[in-house]
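Colleague: So I've got this file, coords.tsv, and it contains TSV, C-alpha atoms:
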chain	number	residue	atom	x	y	z
C	737	MET	CA	17.18	40.66	-7.95
C	738	PRO	CA	14.30	39.98	-10.39
C	739	ALA	CA	11.22	38.08	-9.27
C	740	HIS	CA	10.92	34.55	-10.62
C	741	ILE	CA	7.80	33.68	-12.57
C	742	ASP	CA	6.25	30.27	-11.93
C	743	ALA	CA	5.80	28.44	-15.25
C	744	ASP	CA	2.67	26.66	-14.02
C	745	THR	CA	0.69	29.72	-13.03
C	746	GLY	CA	2.44	32.60	-14.77
C	747	SER	CA	2.59	34.45	-11.48
C	748	THR	CA	5.23	35.10	-8.90
C	749	PRO	CA	4.95	32.26	-6.38
C	750	GLU	CA	5.11	32.86	-2.68
C	751	ARG	CA	8.40	31.53	-1.48
C	752	ALA	CA	8.35	28.31	0.46
C	753	GLU	CA	10.78	28.25	3.32
C	754	VAL	CA	14.24	27.72	1.88
C	755	GLY	CA	15.96	24.50	2.83
C	756	PRO	CA	15.24	20.81	2.88
C	757	ASP	CA	12.06	19.41	4.35
C	758	ASN	CA	13.08	15.78	4.66
C	759	ALA	CA	10.25	14.93	7.07
C	760	ALA	CA	7.69	16.09	4.51
C	761	VAL	CA	9.33	13.93	1.81
C	762	ARG	CA	9.21	10.90	4.14
C	763	ALA	CA	5.54	11.60	4.91
C	764	LEU	CA	4.69	11.93	1.20
C	765	LEU	CA	6.32	8.59	0.40
C	766	ALA	CA	4.60	6.90	3.37
C	767	LYS	CA	1.25	8.17	1.99
C	768	LEU	CA	2.16	6.67	-1.39
C	769	ALA	CA	2.92	3.31	0.23
C	770	ARG	CA	-0.45	3.31	2.03
C	771	ALA	CA	-2.32	4.32	-1.12
C	772	VAL	CA	-0.71	1.64	-3.28
C	773	THR	CA	-1.07	-1.20	-0.79
C	774	SER	CA	-4.70	-0.30	-0.07
C	775	GLY	CA	-5.61	0.08	-3.75
C	776	ASP	CA	-6.61	3.71	-3.25
C	777	GLY	CA	-5.92	5.20	-6.68
C	778	LYS	CA	-7.45	8.54	-5.71
C	779	ALA	CA	-5.07	8.93	-2.74
C	780	ALA	CA	-2.11	7.91	-4.92
C	781	ALA	CA	-3.11	10.46	-7.56
C	782	ALA	CA	-3.19	13.20	-4.92
C	783	ILE	CA	0.54	12.62	-4.33
C	784	TRP	CA	1.45	13.27	-7.97
C	785	ALA	CA	1.26	16.44	-10.03
C	786	THR	CA	0.76	16.42	-13.76
C	787	PRO	CA	2.24	16.45	-16.24
C	788	ALA	CA	4.58	13.77	-14.94
C	789	LEU	CA	6.93	11.19	-16.39
C	790	VAL	CA	7.48	7.53	-15.47
C	791	ILE	CA	10.45	5.87	-17.13
C	792	GLY	CA	12.12	2.48	-16.86
C	793	ASP	CA	14.40	0.30	-18.95
C	794	ASP	CA	11.51	-1.04	-21.03
C	795	MET	CA	8.94	1.74	-20.81
C	796	ALA	CA	8.35	5.47	-20.85
C	797	LEU	CA	5.00	6.94	-19.88
C	798	THR	CA	3.85	10.51	-19.78
C	799	VAL	CA	1.12	11.08	-17.24
C	800	GLY	CA	-1.23	13.82	-18.30
C	801	SER	CA	-4.02	13.63	-15.75
C	802	SER	CA	-4.98	12.57	-12.28
C	803	ALA	CA	-7.28	9.96	-13.84
C	804	ASP	CA	-4.25	8.29	-15.47
C	805	ILE	CA	-2.59	7.95	-12.07
C	806	GLN	CA	-5.76	6.67	-10.42
C	807	GLU	CA	-6.06	3.97	-13.06
C	808	VAL	CA	-2.46	2.78	-12.65
C	809	PHE	CA	-2.43	2.71	-8.86
C	810	GLY	CA	-6.03	1.65	-8.35
C	811	GLY	CA	-5.23	-1.87	-9.55
C	812	ALA	CA	-1.86	-2.19	-7.83
C	813	LYS	CA	-3.18	-3.84	-4.66
C	814	ALA	CA	-4.67	-6.79	-6.54
C	815	GLN	CA	-1.50	-7.22	-8.60
C	816	TYR	CA	0.73	-7.20	-5.52
C	817	ASN	CA	-1.63	-9.40	-3.47
C	818	ALA	CA	-1.61	-12.01	-6.26
C	819	ARG	CA	2.15	-12.24	-5.71
C	820	GLY	CA	1.84	-12.57	-1.92
C	821	ILE	CA	2.80	-8.93	-1.30
C	822	THR	CA	0.57	-7.17	1.22
C	823	ASP	CA	2.59	-4.17	2.37
C	824	THR	CA	5.65	-2.00	1.78
C	825	ARG	CA	7.43	0.97	3.25
C	826	PRO	CA	9.67	3.66	1.76
C	827	ASP	CA	13.31	3.03	2.70
C	828	ILE	CA	15.04	6.23	1.60
C	829	LEU	CA	18.48	5.43	0.23
C	830	ARG	CA	19.38	8.94	-0.88
C	831	LEU	CA	17.72	12.34	-0.67
C	832	ASP	CA	19.18	15.43	-2.32
C	833	TRP	CA	17.60	18.87	-2.53
C	834	VAL	CA	18.89	20.19	-5.85
C	835	THR	CA	17.02	23.49	-5.46
C	836	HIS	CA	14.92	24.94	-2.65
C	837	ARG	CA	11.83	23.38	-4.30
C	838	ILE	CA	13.10	20.20	-5.98
C	839	ALA	CA	14.32	17.02	-4.32
C	840	ILE	CA	15.62	13.85	-5.92
C	841	VAL	CA	15.04	10.81	-3.75
C	842	GLU	CA	16.03	7.18	-4.28
C	843	VAL	CA	13.68	4.78	-2.52
C	844	ARG	CA	13.83	1.06	-1.86
C	845	TRP	CA	10.36	-0.47	-1.58
C	846	PRO	CA	10.57	-3.86	0.18
C	847	TYR	CA	7.84	-6.33	-0.75
C	848	LEU	CA	6.36	-7.48	2.55
C	849	ALA	CA	4.28	-10.65	2.94
C	850	ALA	CA	1.40	-10.91	5.43
C	851	ASP	CA	3.82	-12.31	8.05
C	852	GLY	CA	6.14	-9.31	7.62
C	853	ASP	CA	8.85	-11.24	5.75
C	854	GLU	CA	10.51	-9.51	2.80
C	855	VAL	CA	9.81	-11.43	-0.41
C	856	GLY	CA	11.45	-9.02	-2.83
C	857	GLU	CA	11.97	-5.35	-3.47
C	858	GLU	CA	12.00	-2.66	-6.07
C	859	THR	CA	13.85	0.64	-6.21
C	860	SER	CA	12.78	3.90	-7.80
C	861	THR	CA	14.10	7.43	-7.96
C	862	TYR	CA	11.61	10.28	-7.75
C	863	VAL	CA	11.73	13.94	-8.60
C	864	ILE	CA	9.62	15.67	-5.97
C	865	ARG	CA	8.73	19.33	-6.32
C	866	ARG	CA	7.25	21.82	-3.89
C	867	GLU	CA	4.35	23.09	-5.97
C	868	PRO	CA	3.22	26.74	-6.02
C	869	ASP	CA	0.60	25.93	-3.35
C	870	GLY	CA	3.40	24.77	-1.01
C	871	GLN	CA	2.58	21.06	-1.22
C	872	LEU	CA	5.12	18.44	-2.28
C	873	ALA	CA	4.24	16.31	-5.31
C	874	ILE	CA	5.95	13.66	-7.40
C	875	ARG	CA	6.74	14.94	-10.90
C	876	ALA	CA	8.84	12.05	-12.25
C	877	ALA	CA	9.78	8.48	-11.42
C	878	VAL	CA	12.66	6.38	-12.71
C	879	LEU	CA	11.95	2.68	-12.14
C	880	HIS	CA	15.16	0.78	-11.40
C	881	GLY	CA	13.46	-2.61	-11.37
C	882	GLU	CA	12.82	-5.49	-9.02
C	883	ALA	CA	15.07	-7.78	-7.02
C	884	THR	CA	14.15	-10.98	-5.23
C	885	THR	CA	15.08	-11.45	-1.59
C	886	HIS	CA	16.30	-14.93	-0.66
Could the structure of this file be written out as structure tokens, please?
Modeller:
Amino acid sequence: MPAHIDADTGSTPERAEVGPDNAAVRALLAKLARAVTSGDGKAAAAIWATPALVIGDDMALTVGSSADIQEVFGGAKAQYNARGITDTRPDILRLDWVTHRIAIVEVRWPYLAADGDEVGEETSTYVIRREPDGQLAIRAAVLHGEATTH
């Protein structure tokens, strides 16, 4: 069987353990929630790998650098706080490992007010890849949109 060449590095990557690592995906998404709700753009950027793609019904954005991600997520806290949203958590709706290194995960992000009440939600689907260094990183996001909780 021929060795596979990693397109990012041009070398043969060391194999990550084959099989799903659902706990690591959950941990990655929990880190993203903390980074976004705290306004820590640098921590949010560390969860993504570039190049990346963010796409929704009314937008498509290629992300070419960590600085792009820091800029987007660095201001998220103020935007959410202005709407009465102070926290969130990743509610995983679906998680499929399509290869031993790539997972597709659909996540519901409830909008939580300071008193813990849900005041809305959004859903996104992410493509998460185990990078050549063994770390998981988000490579693409499909934004499904928001819904209001009544």
Colleague: For the atom pair CA of Asp827 (chain C) and CA of Leu765 (chain C), what is the interatomic distance in Å to one decimal place?
Modeller: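 Those two atoms sit 9.2 Å apart.
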Colleague: To one decimal place in Å, what is the distance between CA of Ala812 (chain C) and CA of Arg865 (chain C)?
Modeller: 24.0 Å
Colleague: Write out as a list in words which residues come within 9 Å of region 839-843 of chain C when counting only C-alpha atoms, dropping same-chain ones fewer than 4 positions away.
Modeller: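 Non-adjacent residues within range: Pro756, Val761, Leu765, Pro826, Asp827, Ile828, Leu829, Arg830, Leu831, Asp832, Trp833, Val834, Thr835, Glu858, Thr859, Ser860, Thr861, Tyr862, Val863, Ile864, Arg865 and Arg866 of chain C.
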Colleague: Suppose we keep C-alpha atoms; can you now write the selection as a tab-separated table (two decimals), in the frame of the given file?
Modeller:
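Contents of the output file again.tsv:
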chain	number	residue	atom	x	y	z
C	756	PRO	CA	15.24	20.81	2.88
C	761	VAL	CA	9.33	13.93	1.81
C	765	LEU	CA	6.32	8.59	0.40
C	826	PRO	CA	9.67	3.66	1.76
C	827	ASP	CA	13.31	3.03	2.70
C	828	ILE	CA	15.04	6.23	1.60
C	829	LEU	CA	18.48	5.43	0.23
C	830	ARG	CA	19.38	8.94	-0.88
C	831	LEU	CA	17.72	12.34	-0.67
C	832	ASP	CA	19.18	15.43	-2.32
C	833	TRP	CA	17.60	18.87	-2.53
C	834	VAL	CA	18.89	20.19	-5.85
C	835	THR	CA	17.02	23.49	-5.46
C	858	GLU	CA	12.00	-2.66	-6.07
C	859	THR	CA	13.85	0.64	-6.21
C	860	SER	CA	12.78	3.90	-7.80
C	861	THR	CA	14.10	7.43	-7.96
C	862	TYR	CA	11.61	10.28	-7.75
C	863	VAL	CA	11.73	13.94	-8.60
C	864	ILE	CA	9.62	15.67	-5.97
C	865	ARG	CA	8.73	19.33	-6.32
C	866	ARG	CA	7.25	21.82	-3.89
Colleague: Using all atoms listed in the file, find all polymer residues with an atom at most 10 Å away from the point (-0.9, 5.3, -8.6); report them as a PyMOL selection string.
Modeller: chain C and resi 768-769+771-772+775-784+802-812
Colleague: Restrict the calculation to all atoms listed in the file, then for each residue of region 781-814 of chain C with any atom at most 6 Å from an atom of region 870-883 of chain C give the closest atom pair and their distance in Å to one decimal, rows by chain and rising residue number, as a tab-separated table.
Modeller:
residue	atom	partner	partner_atom	distance
C:Ile783	CA	C:Ala873	CA	5.3
C:Trp784	CA	C:Ile874	CA	4.6
C:Ala785	CA	C:Ala873	CA	5.6
C:Ala788	CA	C:Arg875	CA	4.7
C:Leu789	CA	C:Ala876	CA	4.6
C:Val790	CA	C:Ala877	CA	4.8
C:Ile791	CA	C:Val878	CA	5.0
C:Gly792	CA	C:Leu879	CA	4.7
Colleague: Kindly give the distance, in Å, that separates CA of Arg844 (chain C) and CA of Asp823 (chain C), rounded to a single decimal.
Modeller: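 Computing the Euclidean distance for CA of Arg844 (chain C) and CA of Asp823 (chain C) yields 13.1 Å.
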Colleague: Tell me which of C:Met795, C:Glu857, C:Pro868, C:Ile821 sits closest to Ile838 (chain C), counting all atoms listed in the file.
Modeller: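 Nearest to Ile838 (chain C): C:Pro868.
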Colleague: Identify the residues around (5.2, -10.3, 5.5) within a radius of 12 Å, measuring from only C-alpha atoms in the coordinates stated by the file, and give them as a VMD selection string.
Modeller: chain C and resid 817 819 to 825 846 to 856
Colleague: Please determine, counting only C-alpha atoms, which residue among C:Thr786, C:Thr798, C:Gln815, C:Thr773 has the shortest atom-to-atom distance to Trp845 (chain C).
Modeller: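 That would be C:Thr773, the residue with the smallest distance to Trp845 (chain C).
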Colleague: Using all atoms listed in the file, can you tell me which of C:Arg837, C:Ser774, C:Lys767, C:Ala796 comes closest to Tyr816 (chain C)?
Modeller: C:Ser774
Colleague: Pick from C:Pro787, C:Arg770, C:Asp757, C:Ala814: nearest to Val799 (chain C), with only C-alpha atoms counted?
Modeller: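 Checking each candidate against Val799 (chain C), we get C:Pro787 as the closest.
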